[in-house]
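**Student:** Below is data-v2.txt; it holds compact mmCIF, C-alpha atoms.
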# COMPACT_ATOMS: atom_id res chain seq x y z
CA MET A 1 -2.73 48.50 -30.39
CA SER A 2 -1.33 45.24 -29.21
CA SER A 3 -3.64 42.49 -28.08
CA ARG A 4 -2.04 40.01 -25.78
CA ILE A 5 -3.36 36.50 -25.59
CA PRO A 6 -3.93 35.72 -21.92
CA LYS A 7 -2.07 32.75 -20.51
CA ARG A 8 -4.02 29.59 -20.06
CA THR A 9 -4.61 28.30 -16.56
CA ARG A 10 -2.38 25.24 -16.24
CA PHE A 11 -3.29 21.98 -14.56
CA PHE A 12 -0.88 19.09 -14.00
CA VAL A 13 -2.47 15.67 -14.50
CA CYS A 14 -0.54 12.46 -13.83
CA VAL A 15 -1.97 9.25 -15.25
CA GLU A 16 -0.89 5.63 -15.21
CA GLY A 17 -0.82 4.87 -18.94
CA ARG A 18 -1.88 5.71 -22.48
CA SER A 19 -5.58 4.95 -21.97
CA GLU A 20 -5.86 7.45 -19.15
CA ALA A 21 -3.81 9.96 -21.17
CA SER A 22 -6.39 9.61 -23.95
CA LEU A 23 -9.14 10.28 -21.42
CA ILE A 24 -7.42 13.53 -20.42
CA ALA A 25 -6.87 14.45 -24.08
CA TRP A 26 -10.65 14.07 -24.54
CA TRP A 27 -11.21 16.31 -21.49
CA LYS A 28 -8.93 18.86 -23.21
CA LYS A 29 -11.15 18.77 -26.30
CA LEU A 30 -14.23 19.23 -24.14
CA SER A 31 -12.62 22.19 -22.39
CA GLU A 32 -11.90 23.78 -25.78
CA GLN A 33 -15.52 23.24 -26.85
CA GLU A 34 -16.61 24.92 -23.62
CA LYS A 35 -14.18 27.78 -24.34
CA LEU A 36 -12.29 27.22 -21.10
CA HIS A 37 -8.90 28.87 -21.24
CA ILE A 38 -6.94 25.99 -19.68
CA HIS A 39 -4.03 23.71 -20.41
CA LEU A 40 -3.93 20.15 -19.11
CA ASP A 41 -0.29 19.16 -18.78
CA VAL A 42 -0.42 15.34 -18.88
CA TYR A 43 2.37 13.22 -17.46
CA VAL A 44 2.22 9.46 -18.13
CA SER A 45 3.77 7.65 -15.18
CA GLY A 46 4.10 4.38 -17.06
CA GLY A 47 2.36 2.14 -14.54
CA GLY A 48 3.42 0.52 -11.32
CA ASP A 49 1.72 0.44 -7.96
CA SER A 50 -0.37 3.40 -6.85
CA ARG A 51 2.31 4.67 -4.46
CA SER A 52 4.98 4.72 -7.18
CA ILE A 53 2.60 6.58 -9.50
CA VAL A 54 2.10 9.24 -6.81
CA ASP A 55 5.85 9.37 -6.12
CA ASN A 56 6.50 9.84 -9.86
CA ALA A 57 3.88 12.60 -9.97
CA VAL A 58 5.47 14.42 -7.03
CA ASN A 59 8.92 14.19 -8.67
CA GLN A 60 7.62 15.40 -12.04
CA LEU A 61 5.67 18.23 -10.46
CA ASN A 62 8.76 19.34 -8.52
CA ARG A 63 10.85 19.32 -11.71
CA GLN A 64 8.24 21.32 -13.60
CA SER A 65 7.75 23.87 -10.86
CA ASN A 66 11.46 24.66 -11.01
CA SER A 67 11.28 25.44 -14.72
CA ARG A 68 7.69 26.47 -15.50
CA VAL A 69 4.72 28.32 -14.19
CA THR A 70 3.26 26.59 -11.15
CA PRO A 71 0.03 24.82 -12.08
CA GLU A 72 -3.28 25.93 -10.59
CA ALA A 73 -3.81 22.36 -9.34
CA ALA A 74 -2.23 18.93 -9.70
CA LEU A 75 -4.26 15.73 -10.12
CA VAL A 76 -3.25 12.08 -10.08
CA LEU A 77 -5.66 9.52 -11.53
CA LEU A 78 -5.42 6.12 -9.84
CA ASP A 79 -7.28 2.84 -10.27
CA PHE A 80 -9.07 2.34 -6.97
CA ASP A 81 -9.10 -1.46 -7.26
CA ARG A 82 -5.31 -1.57 -6.76
CA VAL A 83 -5.21 0.54 -3.61
CA PRO A 84 -6.21 -2.08 -0.98
CA GLU A 85 -3.42 -4.45 -2.05
CA ASP A 86 -0.94 -1.59 -2.31
CA ARG A 87 -1.83 -0.52 1.24
CA LYS A 88 -1.44 -4.08 2.45
CA TYR A 89 2.17 -4.04 1.21
CA GLY A 90 3.00 -0.58 2.56
CA ARG A 91 2.48 1.28 -0.71
CA ASP A 92 -0.36 3.56 0.39
CA PRO A 93 -0.63 6.43 -2.13
CA GLU A 94 -1.98 8.70 0.61
CA MET A 95 1.32 8.38 2.51
CA ALA A 96 3.62 9.50 -0.33
CA LYS A 97 6.00 12.29 0.61
CA GLY A 98 4.88 15.50 -1.09
CA ARG A 99 1.42 14.07 -1.74
CA GLU A 100 -0.19 17.17 -0.18
CA LYS A 101 0.58 19.01 -3.45
CA LEU A 102 -1.71 16.61 -5.31
CA GLN A 103 -5.37 15.72 -5.51
CA LEU A 104 -5.72 11.95 -5.75
CA ILE A 105 -8.59 11.08 -8.06
CA TYR A 106 -9.70 7.47 -7.81
CA LEU A 107 -11.20 5.78 -10.87
CA ARG A 108 -13.73 3.33 -9.39
CA PRO A 109 -12.94 0.55 -9.68
CA ASN A 110 -10.72 1.43 -12.66
CA LEU A 111 -10.87 3.23 -16.01
CA GLU A 112 -13.28 0.70 -17.52
CA GLY A 113 -15.62 1.10 -14.55
CA LEU A 114 -15.62 4.85 -15.08
CA LEU A 115 -16.27 4.44 -18.82
CA LEU A 116 -19.15 2.08 -18.06
CA ARG A 117 -20.78 4.84 -15.99
CA LEU A 118 -20.52 7.19 -18.98
CA CYS A 119 -22.72 4.83 -21.02
CA ASN A 120 -26.38 5.73 -21.35
CA GLY A 121 -28.36 4.50 -18.35
CA CYS A 122 -25.29 3.34 -16.41
CA ALA A 123 -24.30 6.42 -14.38
CA THR A 124 -25.01 4.70 -11.06
CA GLN A 125 -23.51 1.29 -11.93
CA TYR A 126 -20.58 0.47 -9.70
CA VAL A 127 -19.23 -2.97 -10.53
CA SER A 128 -16.28 -5.00 -9.30
CA SER A 129 -13.04 -4.71 -11.23
CA ASP A 130 -13.48 -8.17 -12.76
CA ARG A 131 -16.92 -7.12 -14.13
CA ALA A 132 -15.97 -3.64 -15.37
CA LEU A 133 -14.56 -4.65 -18.77
CA PRO A 134 -17.22 -7.25 -19.65
CA ASN A 135 -20.01 -4.88 -18.61
CA LEU A 136 -18.44 -2.02 -20.59
CA ARG A 137 -18.22 -4.20 -23.69
CA GLN A 138 -21.96 -4.91 -23.43
CA HIS A 139 -22.44 -1.20 -24.16
CA TRP A 140 -19.33 -0.52 -26.25
CA GLU A 141 -18.36 -3.65 -28.20
CA GLU A 142 -15.45 -1.96 -29.97
CA TYR A 143 -13.68 -1.00 -26.73
CA THR A 144 -10.03 -2.06 -26.60
CA LYS A 145 -7.13 -0.71 -24.63
CA PRO A 146 -5.80 1.87 -25.30
CA MET A 147 -8.60 3.88 -26.90
CA SER A 148 -7.85 7.22 -28.48
CA ALA A 149 -9.24 10.57 -27.43
CA ALA A 150 -11.10 10.61 -30.76
CA ALA A 151 -12.79 7.32 -29.85
CA PHE A 152 -13.90 8.76 -26.51
CA GLU A 153 -15.16 11.88 -28.28
CA LYS A 154 -17.09 9.80 -30.81
CA ARG A 155 -18.69 7.63 -28.10
CA PHE A 156 -19.37 10.11 -25.26
CA ASN A 157 -20.15 13.76 -24.66
CA LEU A 158 -19.87 16.26 -21.84
CA ASP A 159 -23.39 15.47 -20.63
CA ASP A 160 -22.36 11.80 -20.16
CA LEU A 161 -19.35 12.91 -18.14
CA ARG A 162 -21.38 15.30 -15.99
CA ARG A 163 -24.11 12.72 -15.40
CA ALA A 164 -21.53 10.20 -14.15
CA ALA A 165 -19.91 12.89 -11.99
CA ASN A 166 -23.24 13.42 -10.22
CA HIS A 167 -22.71 9.93 -8.75
CA ASP A 168 -18.90 9.95 -8.38
CA GLY A 169 -17.31 12.39 -5.95
CA ASP A 170 -13.76 11.93 -7.29
CA LEU A 171 -14.80 12.51 -10.89
CA GLN A 172 -16.84 15.51 -9.81
CA ARG A 173 -13.87 16.95 -7.91
CA ALA A 174 -11.56 16.52 -10.93
CA LEU A 175 -14.01 18.11 -13.36
CA THR A 176 -14.78 20.95 -10.97
CA THR A 177 -11.07 21.61 -10.47
CA ILE A 178 -10.43 22.04 -14.19
CA GLY A 179 -13.71 23.87 -14.80
CA LEU A 180 -15.80 21.37 -16.77
CA ILE A 181 -18.31 21.41 -13.93
CA LYS A 182 -19.37 24.63 -12.24
CA MET A 183 -20.31 24.33 -8.59
CA THR A 184 -23.24 26.52 -7.63
Before anything else, please render the file you have as structure tokens.

**Tutor:**
Amino acid sequence: MSSRIPKRTRFFVCVEGRSEASLIAWWKKLSEQEKLHIHLDVYVSGGGDSRSIVDNAVNQLNRQSNSRVTPEAALVLLDFDRVPEDRKYGRDPEMAKGREKLQLIYLRPNLEGLLLRLCNGCATQYVSSDRALPNLRQHWEEYTKPMSAAAFEKRFNLDDLRRAANHDGDLQRALTTIGLIKMT
């Protein structure tokens, strides 16, 4: 009798840099703890304006879909604080060709702002981008960029993530897409 291991549901996730890649690696660990049968295929764009990150994601997704199984969904994590200036200079991520294949997930105002909301008692704190890092360090003195997935795992848990998602529609959409939050 042969038992076949079912294929994992694949999700494509494009991020700006190593810090965001570590965040997704932590989400992977959480999904394993929850016994979700998924694979998060992380692509690090390497920075740039939000439009170029989306363009890179579209290009990478197109290359992968020619050679691999098509992912269930494709996400792009973007720092929201950069978007207004990018739009001002004609680099609106929403206008990228092929963008309809992607879910744009905005980190408000940026990764540090999201991490602040994961801290105990801070789920509803939305701060400006210039206050995100100092406020985060009031709760997590050791925070430096880039943090590892292990550091995220040591500092936060799935309940912290879900609590923040209750007050952040983009985070909620991302976690629901990959299955870490069940919509009822």

**Student:** Leaving out Thr144 in chain A and any residue of its chain fewer than 4 positions from it, which residues lie within 10 Å of it when counting only C-alpha atoms, given as a PyMOL selection string?

**Tutor:** chain A and resi 19+133+137+140+148

**Student:** Out of A:Leu30, A:Leu104, A:Ile181, A:Ala73, which residue has the shortest atom-to-atom distance to Phe12 in chain A when counting only C-alpha atoms?

**Tutor:**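 Distance minimum relative to Phe12 in chain A lands on A:Ala73.
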
**Student:** Which residues are near Glu34 in chain A? Cut-off 10 Å, all atoms listed in the file, ignore same chain within fewer than 6 positions. Put them as an MDAnalysis selection string.

**Tutor:** chainID A and resid 28 158 179:180

**Student:** Identify, on the basis of all atoms listed in the file, every residue whose closest approach to Asn59 in chain A does not exceed 12 Å; exclude the query and any residue fewer than 6 positions from it along the same chain; express the result as a list in words.

**Tutor:**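 Result of the neighbour search: Cys14, Tyr43, Ser45, Ser52, Ile53, Ser65, Asn66, Ala96, Lys97, Gly98, Arg99, Lys101 and Leu102 of chain A.
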
**Student:** Restricting the calculation to only C-alpha atoms: of A:Leu136, A:Met95, A:Ala21, A:Val76, which residue gets closest to Leu107 in chain A?

**Tutor:**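 The closest residue to Leu107 in chain A is A:Val76.
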
**Student:** Hey, can you check how far CA of Glu100 in chain A sits from CA of Ile24 in chain A?

**Tutor:**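 These atoms are spaced 21.8 Å apart.
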
**Student:** Counting only C-alpha atoms, which residue out of A:Val69, A:Asp79, A:Pro109, A:Arg4 sits closest to Gly48 in chain A?

**Tutor:**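 Residue with the minimum atom-to-atom distance to Gly48 in chain A: A:Asp79.
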
**Student:** Could you check how far CA of Arg163 in chain A sits from CA of Glu32 in chain A, in Å to one decimal?

**Tutor:**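 Atom-to-atom, CA of Arg163 in chain A and CA of Glu32 in chain A are spaced 19.5 Å apart.
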
**Student:** Select, from A:Gln138, A:Asn166, A:Gln33, A:Gln64, the residue with the minimum atom-to-atom distance to Ala123 in chain A, counting only C-alpha atoms.

**Tutor:**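 Of all the options, A:Asn166 lies closest to Ala123 in chain A.
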
**Student:** Using only C-alpha atoms, find all polymer residues with an atom at most 9 Å away from the point (-15.0, 0.3, -13.3); report them as a PyMOL selection string.

**Tutor:** chain A and resi 79-81+107-117+125-133+135-136

**Student:** Counting only C-alpha atoms, find residues at most 9 Å from (-17.4, 14.5, -21.9) (file frame) and give them as a PDB file with C-alpha atoms, keeping the file's coordinate frame.

**Tutor:**
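Printed below is part.pdb as written:
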ATOM      1  CA  TRP A  26     -10.650  14.070 -24.540  1.00  0.00           C
ATOM      2  CA  TRP A  27     -11.210  16.310 -21.490  1.00  0.00           C
ATOM      3  CA  LYS A  29     -11.150  18.770 -26.300  1.00  0.00           C
ATOM      4  CA  LEU A  30     -14.230  19.230 -24.140  1.00  0.00           C
ATOM      5  CA  LEU A 118     -20.520   7.190 -18.980  1.00  0.00           C
ATOM      6  CA  PHE A 152     -13.900   8.760 -26.510  1.00  0.00           C
ATOM      7  CA  GLU A 153     -15.160  11.880 -28.280  1.00  0.00           C
ATOM      8  CA  PHE A 156     -19.370  10.110 -25.260  1.00  0.00           C
ATOM      9  CA  ASN A 157     -20.150  13.760 -24.660  1.00  0.00           C
ATOM     10  CA  LEU A 158     -19.870  16.260 -21.840  1.00  0.00           C
ATOM     11  CA  ASP A 159     -23.390  15.470 -20.630  1.00  0.00           C
ATOM     12  CA  ASP A 160     -22.360  11.800 -20.160  1.00  0.00           C
ATOM     13  CA  LEU A 161     -19.350  12.910 -18.140  1.00  0.00           C
ATOM     14  CA  ARG A 162     -21.380  15.300 -15.990  1.00  0.00           C
ATOM     15  CA  LEU A 180     -15.800  21.370 -16.770  1.00  0.00           C
TER      16      LEU A 180
END

**Student:** Interatomic distance between CA of Lys35 in chain A and CA of Ala149 in chain A?

**Tutor:** 18.2 Å

**Student:** For Lys182 in chain A, work out the shell of residues within 12 Å, counting only C-alpha atoms and skipping chain neighbours fewer than 3 positions away, then give it as JSON, numbers by chain.

**Tutor:** {"A": [34, 36, 162, 165, 172, 173, 174, 175, 176, 177, 178, 179]}

**Student:** Just checking: using only C-alpha atoms, which residue out of A:Ser31, A:Val13, A:Glu142, A:Lys7 ends up closest to Asn56 in chain A?

**Tutor:**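 Under the stated criterion, the closest residue is A:Val13.
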
**Student:** Write out as number ranges by chain each polymer residue whose atoms come within 8 Å of Arg82 in chain A, counting only C-alpha atoms; drop sequence neighbours fewer than 3 positions from it.

**Tutor:** A: 49-50, 79, 85-86

**Student:** Would you please work out which residue, of A:Leu78, A:Cys122, A:Val83, A:Leu23, is nearest to Tyr106 in chain A when using all atoms listed in the file?

**Tutor:**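 Looking only at the distances to Tyr106 in chain A, the closest residue turns out to be A:Leu78.
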
**Student:** Please complete range 53-88 of chain A with N, CA and C atoms and give it back as a short mmCIF file (atom, residue, chain, number, x, y, z; two decimals), in the coordinates of the input.

**Tutor:**
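After the write, part-v8.cif holds the following:
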data_model
loop_
_atom_site.label_atom_id
_atom_site.label_comp_id
_atom_site.auth_asym_id
_atom_site.auth_seq_id
_atom_site.Cartn_x
_atom_site.Cartn_y
_atom_site.Cartn_z
N ILE A 53 3.19 5.61 -8.59
CA ILE A 53 2.60 6.58 -9.50
C ILE A 53 2.55 7.95 -8.83
N VAL A 54 2.15 7.98 -7.55
CA VAL A 54 2.10 9.24 -6.81
C VAL A 54 3.51 9.79 -6.62
N ASP A 55 4.47 8.93 -6.27
CA ASP A 55 5.85 9.37 -6.12
C ASP A 55 6.37 9.97 -7.43
N ASN A 56 6.09 9.32 -8.55
CA ASN A 56 6.50 9.84 -9.86
C ASN A 56 5.85 11.20 -10.13
N ALA A 57 4.59 11.33 -9.76
CA ALA A 57 3.88 12.60 -9.97
C ALA A 57 4.51 13.71 -9.15
N VAL A 58 4.83 13.42 -7.90
CA VAL A 58 5.47 14.42 -7.03
C VAL A 58 6.81 14.85 -7.64
N ASN A 59 7.61 13.89 -8.07
CA ASN A 59 8.92 14.19 -8.67
C ASN A 59 8.77 15.03 -9.93
N GLN A 60 7.84 14.65 -10.80
CA GLN A 60 7.62 15.40 -12.04
C GLN A 60 7.12 16.80 -11.76
N LEU A 61 6.20 16.92 -10.82
CA LEU A 61 5.67 18.23 -10.46
C LEU A 61 6.77 19.13 -9.90
N ASN A 62 7.63 18.57 -9.07
CA ASN A 62 8.76 19.34 -8.52
C ASN A 62 9.69 19.81 -9.63
N ARG A 63 9.99 18.93 -10.59
CA ARG A 63 10.85 19.32 -11.71
C ARG A 63 10.21 20.43 -12.53
N GLN A 64 8.92 20.31 -12.79
CA GLN A 64 8.24 21.32 -13.60
C GLN A 64 8.14 22.65 -12.87
N SER A 65 7.91 22.61 -11.57
CA SER A 65 7.75 23.87 -10.86
C SER A 65 9.06 24.65 -10.77
N ASN A 66 10.17 23.97 -10.97
CA ASN A 66 11.46 24.66 -11.01
C ASN A 66 11.69 25.35 -12.35
N SER A 67 10.99 24.90 -13.40
CA SER A 67 11.28 25.44 -14.72
C SER A 67 10.08 26.10 -15.40
N ARG A 68 8.89 25.94 -14.86
CA ARG A 68 7.69 26.47 -15.50
C ARG A 68 6.82 27.20 -14.50
N VAL A 69 5.73 27.70 -15.03
CA VAL A 69 4.72 28.32 -14.19
C VAL A 69 4.09 27.24 -13.31
N THR A 70 3.88 27.55 -12.06
CA THR A 70 3.26 26.59 -11.15
C THR A 70 1.82 26.36 -11.58
N PRO A 71 1.41 25.09 -11.66
CA PRO A 71 0.03 24.82 -12.08
C PRO A 71 -0.97 25.27 -11.02
N GLU A 72 -2.18 25.56 -11.48
CA GLU A 72 -3.28 25.93 -10.59
C GLU A 72 -3.60 24.78 -9.63
N ALA A 73 -3.55 23.56 -10.14
CA ALA A 73 -3.81 22.36 -9.34
C ALA A 73 -3.10 21.19 -9.99
N ALA A 74 -2.88 20.14 -9.20
CA ALA A 74 -2.23 18.93 -9.70
C ALA A 74 -3.09 17.73 -9.31
N LEU A 75 -3.42 16.91 -10.31
CA LEU A 75 -4.26 15.73 -10.12
C LEU A 75 -3.48 14.48 -10.45
N VAL A 76 -3.79 13.40 -9.75
CA VAL A 76 -3.25 12.08 -10.08
C VAL A 76 -4.43 11.13 -10.18
N LEU A 77 -4.60 10.50 -11.34
CA LEU A 77 -5.66 9.52 -11.53
C LEU A 77 -5.13 8.14 -11.19
N LEU A 78 -5.83 7.44 -10.30
CA LEU A 78 -5.42 6.12 -9.84
C LEU A 78 -6.59 5.14 -9.93
N ASP A 79 -6.28 3.90 -10.31
CA ASP A 79 -7.28 2.84 -10.27
C ASP A 79 -7.52 2.45 -8.82
N PHE A 80 -8.75 2.60 -8.37
CA PHE A 80 -9.07 2.34 -6.97
C PHE A 80 -8.92 0.87 -6.61
N ASP A 81 -9.14 -0.03 -7.57
CA ASP A 81 -9.10 -1.46 -7.26
C ASP A 81 -7.71 -1.94 -6.84
N ARG A 82 -6.68 -1.18 -7.13
CA ARG A 82 -5.31 -1.57 -6.76
C ARG A 82 -4.93 -1.10 -5.36
N VAL A 83 -5.62 -0.11 -4.85
CA VAL A 83 -5.21 0.54 -3.61
C VAL A 83 -5.21 -0.39 -2.40
N PRO A 84 -6.24 -1.22 -2.17
CA PRO A 84 -6.21 -2.08 -0.98
C PRO A 84 -4.97 -2.99 -0.92
N GLU A 85 -4.61 -3.59 -2.04
CA GLU A 85 -3.42 -4.45 -2.05
C GLU A 85 -2.15 -3.62 -1.86
N ASP A 86 -2.10 -2.46 -2.48
CA ASP A 86 -0.94 -1.59 -2.31
C ASP A 86 -0.78 -1.19 -0.84
N ARG A 87 -1.89 -0.87 -0.19
CA ARG A 87 -1.83 -0.52 1.24
C ARG A 87 -1.36 -1.69 2.07
N LYS A 88 -1.82 -2.86 1.72
CA LYS A 88 -1.44 -4.08 2.45
C LYS A 88 0.08 -4.28 2.44
#
